[in-house]
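See below for the structure under consideration.
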Amino acid sequence: MANIKQQKKRNRRSLKQRDTNIRYRSTVRSGMKRLSADVEAGSPESAERAQELVKTIDRASARGAMHKNTAARRKARVARMLARQQQA
């Protein structure tokens, strides 16, 4: 445990930030699973869900909760899922 006042504050802030980042990554992961299930079921609202998911991925990337290349890869997967659904 830190003895310096500023370091104690920094530790508190980093824990809050970590929780926020975990929440963003978890939301993206859940959204990917939901979208995958929608696409498998042929749900008509999967395009709307994909649009929301892309926004969430962008937001997570902009905040630093997710690396930009990871965000790009996830968005590409979302696009690929939608393309497969429209082909079928």
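We name chains A, B, ... following the order of the structure tokens; residues begin at 1 in each chain, and ligands are numbered from 1 as shown.
Residues lying within 9 Å of A:Tyr24, counting only C-alpha atoms and ignoring same-chain neighbours fewer than 2 positions away, are Asp19, Thr20, Asn21, Ile22, Ser26, Thr27, Val28, Arg29, Thr56, Ile57, Arg59, Ala60, Ala65 and Met66 of chain A.
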Among listed residues A:Arg18, A:Met32, A:Gln51, A:Arg25, nearest A:His67 (using only C-alpha atoms) = A:Arg25
request  = To one decimal in Å, tell me the separation between atom CA of A:Ser46 and atom CA of A:Lys33.
outcome  =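 Here the two named atoms are 11.7 Å from each other.
For the pair atom CA of A:Ser30 and atom CA of A:Leu53, the interatomic distance is 9.6 Å.
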message = Considering only C-alpha atoms, can you say which of A:Lys9, A:Arg74, A:Leu15, A:Ser43 comes closest to A:Asp58?
response =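 Of the candidates, the smallest distance to A:Asp58 is held by A:Arg74.
Going from atom CA of A:Arg84 over to atom CA of A:Ser61, you cover 25.4 Å.
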query = Neighbours of A:Ala50 within 12 Å (only C-alpha atoms; same-chain residues fewer than 5 positions away dropped), as a ChimeraX atom specification?
reply = /A:28,31-39,43-45,55-57,74-83,85
